[in-house]
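Colleague: Structure file model_38.cif (mmCIF, C-alpha atoms) is given on the next line.
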```
data_start
loop_
_atom_site.label_atom_id
_atom_site.label_comp_id
_atom_site.auth_asym_id
_atom_site.auth_seq_id
_atom_site.Cartn_x
_atom_site.Cartn_y
_atom_site.Cartn_z
CA MET P 171 0.00 0.00 0.00
CA LEU P 172 1.35 3.42 -0.99
CA LEU P 173 1.17 6.18 1.57
CA GLU P 174 0.73 9.87 0.95
CA PRO P 175 2.41 12.49 3.10
CA VAL P 176 1.08 13.01 6.61
CA VAL P 177 -1.96 15.32 6.76
CA VAL P 178 -2.45 17.47 9.86
CA THR P 179 -5.98 18.69 10.56
CA ASP P 180 -7.33 19.92 13.90
CA ALA P 181 -4.27 18.57 15.72
CA VAL P 182 -5.05 15.05 14.54
CA VAL P 183 -2.35 13.34 12.54
CA ARG P 184 -3.49 10.71 10.09
CA VAL P 185 -1.92 8.97 7.15
CA THR P 186 -4.15 8.50 4.13
CA PRO P 187 -3.61 5.76 1.56
CA ALA P 188 -2.74 6.89 -1.97
CA GLN P 189 -5.03 5.98 -4.82
CA PRO P 190 -3.80 3.11 -7.01
CA GLN P 191 -2.26 4.01 -10.37
CA GLY P 192 -4.84 4.79 -13.05
CA THR P 193 -7.54 5.92 -10.63
CA GLN P 194 -6.24 9.43 -10.06
CA PRO P 195 -9.05 11.93 -10.72
CA VAL P 196 -6.89 13.96 -13.08
CA SER P 197 -5.92 10.92 -15.15
CA ARG P 198 -9.09 11.36 -17.24
CA ILE P 199 -8.25 14.92 -18.29
CA LYS P 200 -7.27 15.02 -21.92
CA VAL P 201 -4.28 17.20 -22.68
CA GLY P 202 -3.65 18.67 -26.09
CA GLN P 203 -5.37 20.80 -28.63
CA ASN P 204 -9.07 20.51 -29.35
CA GLU P 205 -9.96 20.12 -32.97
CA TYR P 206 -12.80 22.45 -33.88
CA ALA P 207 -14.86 22.11 -37.00
CA VAL P 208 -15.02 25.01 -39.41
CA LEU P 209 -18.35 26.83 -39.12
CA GLN P 210 -20.37 26.59 -42.30
CA PRO P 211 -23.18 28.91 -43.41
CA LEU P 212 -26.69 27.54 -43.54
CA LEU P 213 -27.78 25.90 -46.74
CA PRO P 214 -30.57 27.78 -48.56
CA GLU P 215 -33.19 25.19 -47.58
CA GLN P 216 -32.12 25.42 -43.92
CA GLY P 217 -32.51 29.20 -44.03
CA GLU P 218 -35.91 28.90 -45.68
CA ARG P 219 -37.07 26.49 -42.96
CA SER P 220 -35.92 28.89 -40.26
CA VAL P 221 -37.71 31.83 -41.87
CA GLY P 222 -40.84 29.71 -42.36
CA ALA P 223 -40.82 28.72 -38.68
CA ALA P 224 -40.70 32.36 -37.55
CA THR P 225 -44.40 33.18 -37.80
CA THR P 226 -44.71 36.08 -35.35
CA PRO P 227 -43.09 39.54 -35.62
CA ALA P 228 -41.08 38.85 -32.45
CA ALA P 229 -39.76 35.53 -33.79
CA ARG P 230 -38.80 37.13 -37.13
CA LEU P 231 -36.96 39.94 -35.32
CA VAL P 232 -35.08 37.47 -33.10
CA LEU P 233 -34.12 35.44 -36.17
CA ALA P 234 -32.84 38.57 -37.96
CA LEU P 235 -30.86 39.74 -34.93
CA ALA P 236 -29.26 36.31 -34.57
CA ALA P 237 -28.64 35.63 -38.26
CA VAL P 238 -27.76 39.07 -39.60
CA HIS P 239 -26.19 40.74 -36.58
CA ALA P 240 -24.76 37.60 -34.88
CA THR P 241 -26.50 38.60 -31.66
CA ARG P 242 -26.43 35.99 -28.91
CA VAL P 243 -29.54 34.78 -27.11
CA ALA P 244 -28.62 36.51 -23.83
CA GLN P 245 -27.96 39.77 -25.68
CA ILE P 246 -31.34 39.58 -27.42
CA ALA P 247 -33.08 38.83 -24.13
CA ALA P 248 -31.35 41.84 -22.50
CA LEU P 249 -32.49 44.34 -25.18
CA VAL P 250 -34.84 47.08 -24.04
CA LEU P 251 -36.56 49.81 -26.05
CA ASP P 252 -34.04 52.41 -24.88
CA ASP P 253 -31.31 50.39 -26.64
CA VAL P 254 -32.84 51.08 -30.05
CA ASP P 255 -32.43 54.42 -31.85
CA LEU P 256 -34.77 54.01 -34.83
CA GLY P 257 -34.13 57.56 -36.09
CA ASN P 258 -30.41 56.95 -36.49
CA ARG P 259 -30.91 53.24 -37.26
CA ARG P 260 -28.50 52.16 -34.51
CA PRO P 261 -29.39 49.59 -31.86
CA THR P 262 -27.04 49.24 -28.90
CA ILE P 263 -26.32 45.54 -28.45
CA ALA P 264 -24.01 44.43 -25.64
CA GLY P 265 -22.86 48.02 -25.13
CA ARG P 266 -21.94 48.60 -28.79
CA ALA P 267 -23.92 50.70 -31.24
CA ARG P 268 -24.40 48.81 -34.49
CA PRO P 269 -25.81 49.87 -37.85
CA LEU P 270 -29.32 48.64 -38.51
CA GLY P 271 -29.97 47.18 -41.97
CA ASP P 272 -33.17 47.59 -43.95
CA LEU P 273 -34.48 44.11 -43.17
CA THR P 274 -33.90 44.35 -39.43
CA LEU P 275 -35.34 47.89 -39.34
CA LYS P 276 -38.49 46.69 -41.13
CA LEU P 277 -38.85 43.73 -38.75
CA MET P 278 -38.27 45.94 -35.71
CA VAL P 279 -40.96 48.41 -36.82
CA GLN P 280 -43.39 45.52 -37.48
CA TRP P 281 -42.69 44.17 -34.00
CA LEU P 282 -43.27 47.58 -32.40
CA GLU P 283 -46.63 48.03 -34.15
#
```
Let me see whether you can do it: turn the structure in this file into structure tokens.
Modeller:
Amino acid sequence: MLLEPVVVTDAVVRVTPAQPQGTQPVSRIKVGQNEYAVLQPLLPEQGERSVGAATTPAARLVLALAAVHATRVAQIAALVLDDVDLGNRRPTIAGRARPLGDLTLKLMVQWLE
């Protein structure tokens, strides 16, 4: 039996047995580089299905913000009306003012109506 160094806790000295080889908790951690796949754009039929599934003005706006402006779900959920400057066509998303395209502007106005 292998022994680890002496551990002192609350003035009690005890010797704990070491774990056998191969059962160390860190032995399952993989070391090295992760291989990531290259992100691919949606195929036209995938895009058409997504647009077809967005039947409400809110869903269409969320889809446009995610697809066109690469806005994350948490950023979309955090948007408030004060973040949108329709006159200057600049929404503030995650603290950054971004230009608002024609499609997103149209969808935003439809959602506000």
Colleague: Taking the file above as input, evaluate the PyMOL selection byres ((chain P and resi 256-261) around 9) and report the hits as an NGL selection string.
Modeller: :P and (252-255 or 262-263 or 266-271 or 275 or 278-279)
Colleague: Given the selection you just returned, output its residues as a file containing C-alpha atoms, formatted as a compact mmCIF listing (two decimals), keeping the file's coordinate frame.
Modeller:
```txt
# COMPACT_ATOMS: atom_id res chain seq x y z
CA ASP P 252 -34.04 52.41 -24.88
CA ASP P 253 -31.31 50.39 -26.64
CA VAL P 254 -32.84 51.08 -30.05
CA ASP P 255 -32.43 54.42 -31.85
CA THR P 262 -27.04 49.24 -28.90
CA ILE P 263 -26.32 45.54 -28.45
CA ARG P 266 -21.94 48.60 -28.79
CA ALA P 267 -23.92 50.70 -31.24
CA ARG P 268 -24.40 48.81 -34.49
CA PRO P 269 -25.81 49.87 -37.85
CA LEU P 270 -29.32 48.64 -38.51
CA GLY P 271 -29.97 47.18 -41.97
CA LEU P 275 -35.34 47.89 -39.34
CA MET P 278 -38.27 45.94 -35.71
CA VAL P 279 -40.96 48.41 -36.82
```
Colleague: Identify which of the residues P:Ala207, P:Ala223, P:Ala264, P:Val201 lies closest to P:Leu249, counting only C-alpha atoms when measuring atom-to-atom distances.
Modeller: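 With only C-alpha atoms as the atom set, the closest residue is P:Ala264.
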Colleague: Hey, what comes out of the PyMOL selection byres ((chain P and resi 280) around 12) on this file? Could you write it as an MDAnalysis selection string?
Modeller: chainID P and resid 226:231 273:279 281:283
Colleague: Residues as selected, C-alpha atoms, written as an mmCIF file, in the frame of the given file, can you do that?
Modeller:
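again-v4.cif was written with the following content:
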```cif
data_model
loop_
_atom_site.group_PDB
_atom_site.id
_atom_site.type_symbol
_atom_site.label_atom_id
_atom_site.label_comp_id
_atom_site.auth_asym_id
_atom_site.auth_seq_id
_atom_site.Cartn_x
_atom_site.Cartn_y
_atom_site.Cartn_z
ATOM 1 C CA THR P 226 -44.710 36.080 -35.350
ATOM 2 C CA PRO P 227 -43.090 39.540 -35.620
ATOM 3 C CA ALA P 228 -41.080 38.850 -32.450
ATOM 4 C CA ALA P 229 -39.760 35.530 -33.790
ATOM 5 C CA ARG P 230 -38.800 37.130 -37.130
ATOM 6 C CA LEU P 231 -36.960 39.940 -35.320
ATOM 7 C CA LEU P 273 -34.480 44.110 -43.170
ATOM 8 C CA THR P 274 -33.900 44.350 -39.430
ATOM 9 C CA LEU P 275 -35.340 47.890 -39.340
ATOM 10 C CA LYS P 276 -38.490 46.690 -41.130
ATOM 11 C CA LEU P 277 -38.850 43.730 -38.750
ATOM 12 C CA MET P 278 -38.270 45.940 -35.710
ATOM 13 C CA VAL P 279 -40.960 48.410 -36.820
ATOM 14 C CA TRP P 281 -42.690 44.170 -34.000
ATOM 15 C CA LEU P 282 -43.270 47.580 -32.400
ATOM 16 C CA GLU P 283 -46.630 48.030 -34.150
#
```
Colleague: Just how far from atom CA of P:Ala234 is atom CA of P:Asp272, in Å to one decimal?
Modeller: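 Rounded to one decimal, the two atoms are 10.8 Å apart.
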Colleague: Report the distance between atom CA of P:Tyr206 and atom CA of P:His239 in Å, rounded to one decimal place.
Modeller: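 Atom-to-atom, atom CA of P:Tyr206 and atom CA of P:His239 are spaced 22.8 Å apart.
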Colleague: Pick out the residues sitting within 12 Å of P:Ala244, and hand them over as JSON, numbers by chain; count only C-alpha atoms, and ignore anything fewer than 3 positions along from it in its own chain.
Modeller: {"P": [232, 235, 236, 240, 241, 247, 248, 249, 263, 264]}
Colleague: Just how far from atom CA of P:Ile246 is atom CA of P:Val221, in Å to one decimal?
Modeller: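 Computing the Euclidean distance for atom CA of P:Val221 and atom CA of P:Ile246 yields 17.6 Å.
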Colleague: Take the structure in the block and write a file for stretch 243-275 of chain P, N, CA, C and O atoms, as a PDB file, in the first residue's frame.
Modeller:
```
ATOM      1  N   VAL P 243     -28.233  34.897 -27.759  1.00  0.00           N
ATOM      2  CA  VAL P 243     -29.539  34.785 -27.112  1.00  0.00           C
ATOM      3  C   VAL P 243     -29.616  35.694 -25.884  1.00  0.00           C
ATOM      4  O   VAL P 243     -30.597  36.415 -25.701  1.00  0.00           O
ATOM      5  N   ALA P 244     -28.600  35.677 -25.037  1.00  0.00           N
ATOM      6  CA  ALA P 244     -28.617  36.506 -23.826  1.00  0.00           C
ATOM      7  C   ALA P 244     -28.641  37.989 -24.182  1.00  0.00           C
ATOM      8  O   ALA P 244     -29.281  38.784 -23.496  1.00  0.00           O
ATOM      9  N   GLN P 245     -27.964  38.371 -25.257  1.00  0.00           N
ATOM     10  CA  GLN P 245     -27.964  39.771 -25.678  1.00  0.00           C
ATOM     11  C   GLN P 245     -29.335  40.185 -26.202  1.00  0.00           C
ATOM     12  O   GLN P 245     -29.795  41.301 -25.947  1.00  0.00           O
ATOM     13  N   ILE P 246     -29.986  39.290 -26.927  1.00  0.00           N
ATOM     14  CA  ILE P 246     -31.340  39.578 -27.423  1.00  0.00           C
ATOM     15  C   ILE P 246     -32.301  39.698 -26.249  1.00  0.00           C
ATOM     16  O   ILE P 246     -33.129  40.604 -26.196  1.00  0.00           O
ATOM     17  N   ALA P 247     -32.192  38.807 -25.292  1.00  0.00           N
ATOM     18  CA  ALA P 247     -33.077  38.834 -24.127  1.00  0.00           C
ATOM     19  C   ALA P 247     -32.867  40.091 -23.292  1.00  0.00           C
ATOM     20  O   ALA P 247     -33.794  40.564 -22.643  1.00  0.00           O
ATOM     21  N   ALA P 248     -31.664  40.653 -23.312  1.00  0.00           N
ATOM     22  CA  ALA P 248     -31.355  41.836 -22.503  1.00  0.00           C
ATOM     23  C   ALA P 248     -31.737  43.143 -23.187  1.00  0.00           C
ATOM     24  O   ALA P 248     -31.673  44.203 -22.562  1.00  0.00           O
ATOM     25  N   LEU P 249     -32.132  43.102 -24.467  1.00  0.00           N
ATOM     26  CA  LEU P 249     -32.486  44.336 -25.178  1.00  0.00           C
ATOM     27  C   LEU P 249     -33.732  44.986 -24.582  1.00  0.00           C
ATOM     28  O   LEU P 249     -34.700  44.303 -24.259  1.00  0.00           O
ATOM     29  N   VAL P 250     -33.685  46.291 -24.463  1.00  0.00           N
ATOM     30  CA  VAL P 250     -34.844  47.079 -24.041  1.00  0.00           C
ATOM     31  C   VAL P 250     -35.068  48.168 -25.083  1.00  0.00           C
ATOM     32  O   VAL P 250     -34.195  48.450 -25.911  1.00  0.00           O
ATOM     33  N   LEU P 251     -36.245  48.804 -25.047  1.00  0.00           N
ATOM     34  CA  LEU P 251     -36.564  49.812 -26.053  1.00  0.00           C
ATOM     35  C   LEU P 251     -35.569  50.973 -26.073  1.00  0.00           C
ATOM     36  O   LEU P 251     -35.300  51.538 -27.122  1.00  0.00           O
ATOM     37  N   ASP P 252     -35.014  51.322 -24.927  1.00  0.00           N
ATOM     38  CA  ASP P 252     -34.037  52.412 -24.879  1.00  0.00           C
ATOM     39  C   ASP P 252     -32.745  52.079 -25.623  1.00  0.00           C
ATOM     40  O   ASP P 252     -31.959  52.972 -25.940  1.00  0.00           O
ATOM     41  N   ASP P 253     -32.517  50.797 -25.908  1.00  0.00           N
ATOM     42  CA  ASP P 253     -31.313  50.386 -26.638  1.00  0.00           C
ATOM     43  C   ASP P 253     -31.431  50.610 -28.147  1.00  0.00           C
ATOM     44  O   ASP P 253     -30.450  50.455 -28.866  1.00  0.00           O
ATOM     45  N   VAL P 254     -32.615  50.949 -28.620  1.00  0.00           N
ATOM     46  CA  VAL P 254     -32.842  51.079 -30.055  1.00  0.00           C
ATOM     47  C   VAL P 254     -33.091  52.540 -30.413  1.00  0.00           C
ATOM     48  O   VAL P 254     -33.999  53.174 -29.895  1.00  0.00           O
ATOM     49  N   ASP P 255     -32.270  53.065 -31.310  1.00  0.00           N
ATOM     50  CA  ASP P 255     -32.433  54.415 -31.846  1.00  0.00           C
ATOM     51  C   ASP P 255     -32.894  54.272 -33.292  1.00  0.00           C
ATOM     52  O   ASP P 255     -32.080  54.165 -34.213  1.00  0.00           O
ATOM     53  N   LEU P 256     -34.231  54.234 -33.491  1.00  0.00           N
ATOM     54  CA  LEU P 256     -34.765  54.015 -34.828  1.00  0.00           C
ATOM     55  C   LEU P 256     -34.451  55.176 -35.770  1.00  0.00           C
ATOM     56  O   LEU P 256     -34.237  54.966 -36.958  1.00  0.00           O
ATOM     57  N   GLY P 257     -34.415  56.401 -35.250  1.00  0.00           N
ATOM     58  CA  GLY P 257     -34.129  57.562 -36.094  1.00  0.00           C
ATOM     59  C   GLY P 257     -32.755  57.487 -36.727  1.00  0.00           C
ATOM     60  O   GLY P 257     -32.582  57.796 -37.910  1.00  0.00           O
ATOM     61  N   ASN P 258     -31.774  57.069 -35.974  1.00  0.00           N
ATOM     62  CA  ASN P 258     -30.412  56.947 -36.491  1.00  0.00           C
ATOM     63  C   ASN P 258     -30.084  55.527 -36.947  1.00  0.00           C
ATOM     64  O   ASN P 258     -28.957  55.259 -37.354  1.00  0.00           O
ATOM     65  N   ARG P 259     -31.068  54.629 -36.846  1.00  0.00           N
ATOM     66  CA  ARG P 259     -30.914  53.237 -37.258  1.00  0.00           C
ATOM     67  C   ARG P 259     -29.721  52.571 -36.585  1.00  0.00           C
ATOM     68  O   ARG P 259     -28.898  51.935 -37.210  1.00  0.00           O
ATOM     69  N   ARG P 260     -29.636  52.721 -35.255  1.00  0.00           N
ATOM     70  CA  ARG P 260     -28.503  52.160 -34.514  1.00  0.00           C
ATOM     71  C   ARG P 260     -28.989  51.540 -33.199  1.00  0.00           C
ATOM     72  O   ARG P 260     -29.212  52.254 -32.234  1.00  0.00           O
ATOM     73  N   PRO P 261     -29.112  50.226 -33.150  1.00  0.00           N
ATOM     74  CA  PRO P 261     -29.388  49.589 -31.861  1.00  0.00           C
ATOM     75  C   PRO P 261     -28.088  49.444 -31.072  1.00  0.00           C
ATOM     76  O   PRO P 261     -27.010  49.311 -31.641  1.00  0.00           O
ATOM     77  N   THR P 262     -28.193  49.487 -29.767  1.00  0.00           N
ATOM     78  CA  THR P 262     -27.039  49.237 -28.905  1.00  0.00           C
ATOM     79  C   THR P 262     -27.174  47.817 -28.368  1.00  0.00           C
ATOM     80  O   THR P 262     -28.074  47.525 -27.593  1.00  0.00           O
ATOM     81  N   ILE P 263     -26.286  46.958 -28.831  1.00  0.00           N
ATOM     82  CA  ILE P 263     -26.321  45.541 -28.448  1.00  0.00           C
ATOM     83  C   ILE P 263     -25.029  45.229 -27.713  1.00  0.00           C
ATOM     84  O   ILE P 263     -23.942  45.433 -28.249  1.00  0.00           O
ATOM     85  N   ALA P 264     -25.162  44.765 -26.488  1.00  0.00           N
ATOM     86  CA  ALA P 264     -24.011  44.431 -25.638  1.00  0.00           C
ATOM     87  C   ALA P 264     -23.075  45.630 -25.498  1.00  0.00           C
ATOM     88  O   ALA P 264     -21.858  45.488 -25.537  1.00  0.00           O
ATOM     89  N   GLY P 265     -23.657  46.823 -25.364  1.00  0.00           N
ATOM     90  CA  GLY P 265     -22.855  48.018 -25.133  1.00  0.00           C
ATOM     91  C   GLY P 265     -22.243  48.636 -26.377  1.00  0.00           C
ATOM     92  O   GLY P 265     -21.542  49.630 -26.286  1.00  0.00           O
ATOM     93  N   ARG P 266     -22.502  48.059 -27.544  1.00  0.00           N
ATOM     94  CA  ARG P 266     -21.943  48.595 -28.790  1.00  0.00           C
ATOM     95  C   ARG P 266     -23.055  49.014 -29.730  1.00  0.00           C
ATOM     96  O   ARG P 266     -23.973  48.236 -29.991  1.00  0.00           O
ATOM     97  N   ALA P 267     -22.952  50.233 -30.245  1.00  0.00           N
ATOM     98  CA  ALA P 267     -23.922  50.702 -31.238  1.00  0.00           C
ATOM     99  C   ALA P 267     -23.593  50.059 -32.575  1.00  0.00           C
ATOM    100  O   ALA P 267     -22.444  50.046 -33.007  1.00  0.00           O
ATOM    101  N   ARG P 268     -24.602  49.496 -33.215  1.00  0.00           N
ATOM    102  CA  ARG P 268     -24.403  48.810 -34.489  1.00  0.00           C
ATOM    103  C   ARG P 268     -25.328  49.409 -35.540  1.00  0.00           C
ATOM    104  O   ARG P 268     -26.426  49.846 -35.224  1.00  0.00           O
ATOM    105  N   PRO P 269     -24.918  49.391 -36.795  1.00  0.00           N
ATOM    106  CA  PRO P 269     -25.810  49.874 -37.847  1.00  0.00           C
ATOM    107  C   PRO P 269     -26.969  48.898 -38.048  1.00  0.00           C
ATOM    108  O   PRO P 269     -26.804  47.688 -37.922  1.00  0.00           O
ATOM    109  N   LEU P 270     -28.123  49.448 -38.344  1.00  0.00           N
ATOM    110  CA  LEU P 270     -29.322  48.639 -38.508  1.00  0.00           C
ATOM    111  C   LEU P 270     -29.657  48.565 -39.992  1.00  0.00           C
ATOM    112  O   LEU P 270     -29.887  49.586 -40.643  1.00  0.00           O
ATOM    113  N   GLY P 271     -29.658  47.367 -40.557  1.00  0.00           N
ATOM    114  CA  GLY P 271     -29.967  47.177 -41.972  1.00  0.00           C
ATOM    115  C   GLY P 271     -31.447  47.340 -42.252  1.00  0.00           C
ATOM    116  O   GLY P 271     -32.285  47.408 -41.341  1.00  0.00           O
ATOM    117  N   ASP P 272     -31.779  47.393 -43.531  1.00  0.00           N
ATOM    118  CA  ASP P 272     -33.171  47.592 -43.946  1.00  0.00           C
ATOM    119  C   ASP P 272     -34.085  46.479 -43.443  1.00  0.00           C
ATOM    120  O   ASP P 272     -35.180  46.744 -42.948  1.00  0.00           O
ATOM    121  N   LEU P 273     -33.646  45.237 -43.588  1.00  0.00           N
ATOM    122  CA  LEU P 273     -34.475  44.111 -43.167  1.00  0.00           C
ATOM    123  C   LEU P 273     -34.753  44.152 -41.670  1.00  0.00           C
ATOM    124  O   LEU P 273     -35.905  44.040 -41.232  1.00  0.00           O
ATOM    125  N   THR P 274     -33.721  44.340 -40.878  1.00  0.00           N
ATOM    126  CA  THR P 274     -33.900  44.355 -39.425  1.00  0.00           C
ATOM    127  C   THR P 274     -34.727  45.560 -38.994  1.00  0.00           C
ATOM    128  O   THR P 274     -35.553  45.449 -38.087  1.00  0.00           O
ATOM    129  N   LEU P 275     -34.530  46.705 -39.640  1.00  0.00           N
ATOM    130  CA  LEU P 275     -35.339  47.885 -39.336  1.00  0.00           C
ATOM    131  C   LEU P 275     -36.811  47.611 -39.618  1.00  0.00           C
ATOM    132  O   LEU P 275     -37.679  47.910 -38.787  1.00  0.00           O
TER     133      LEU P 275
END
```
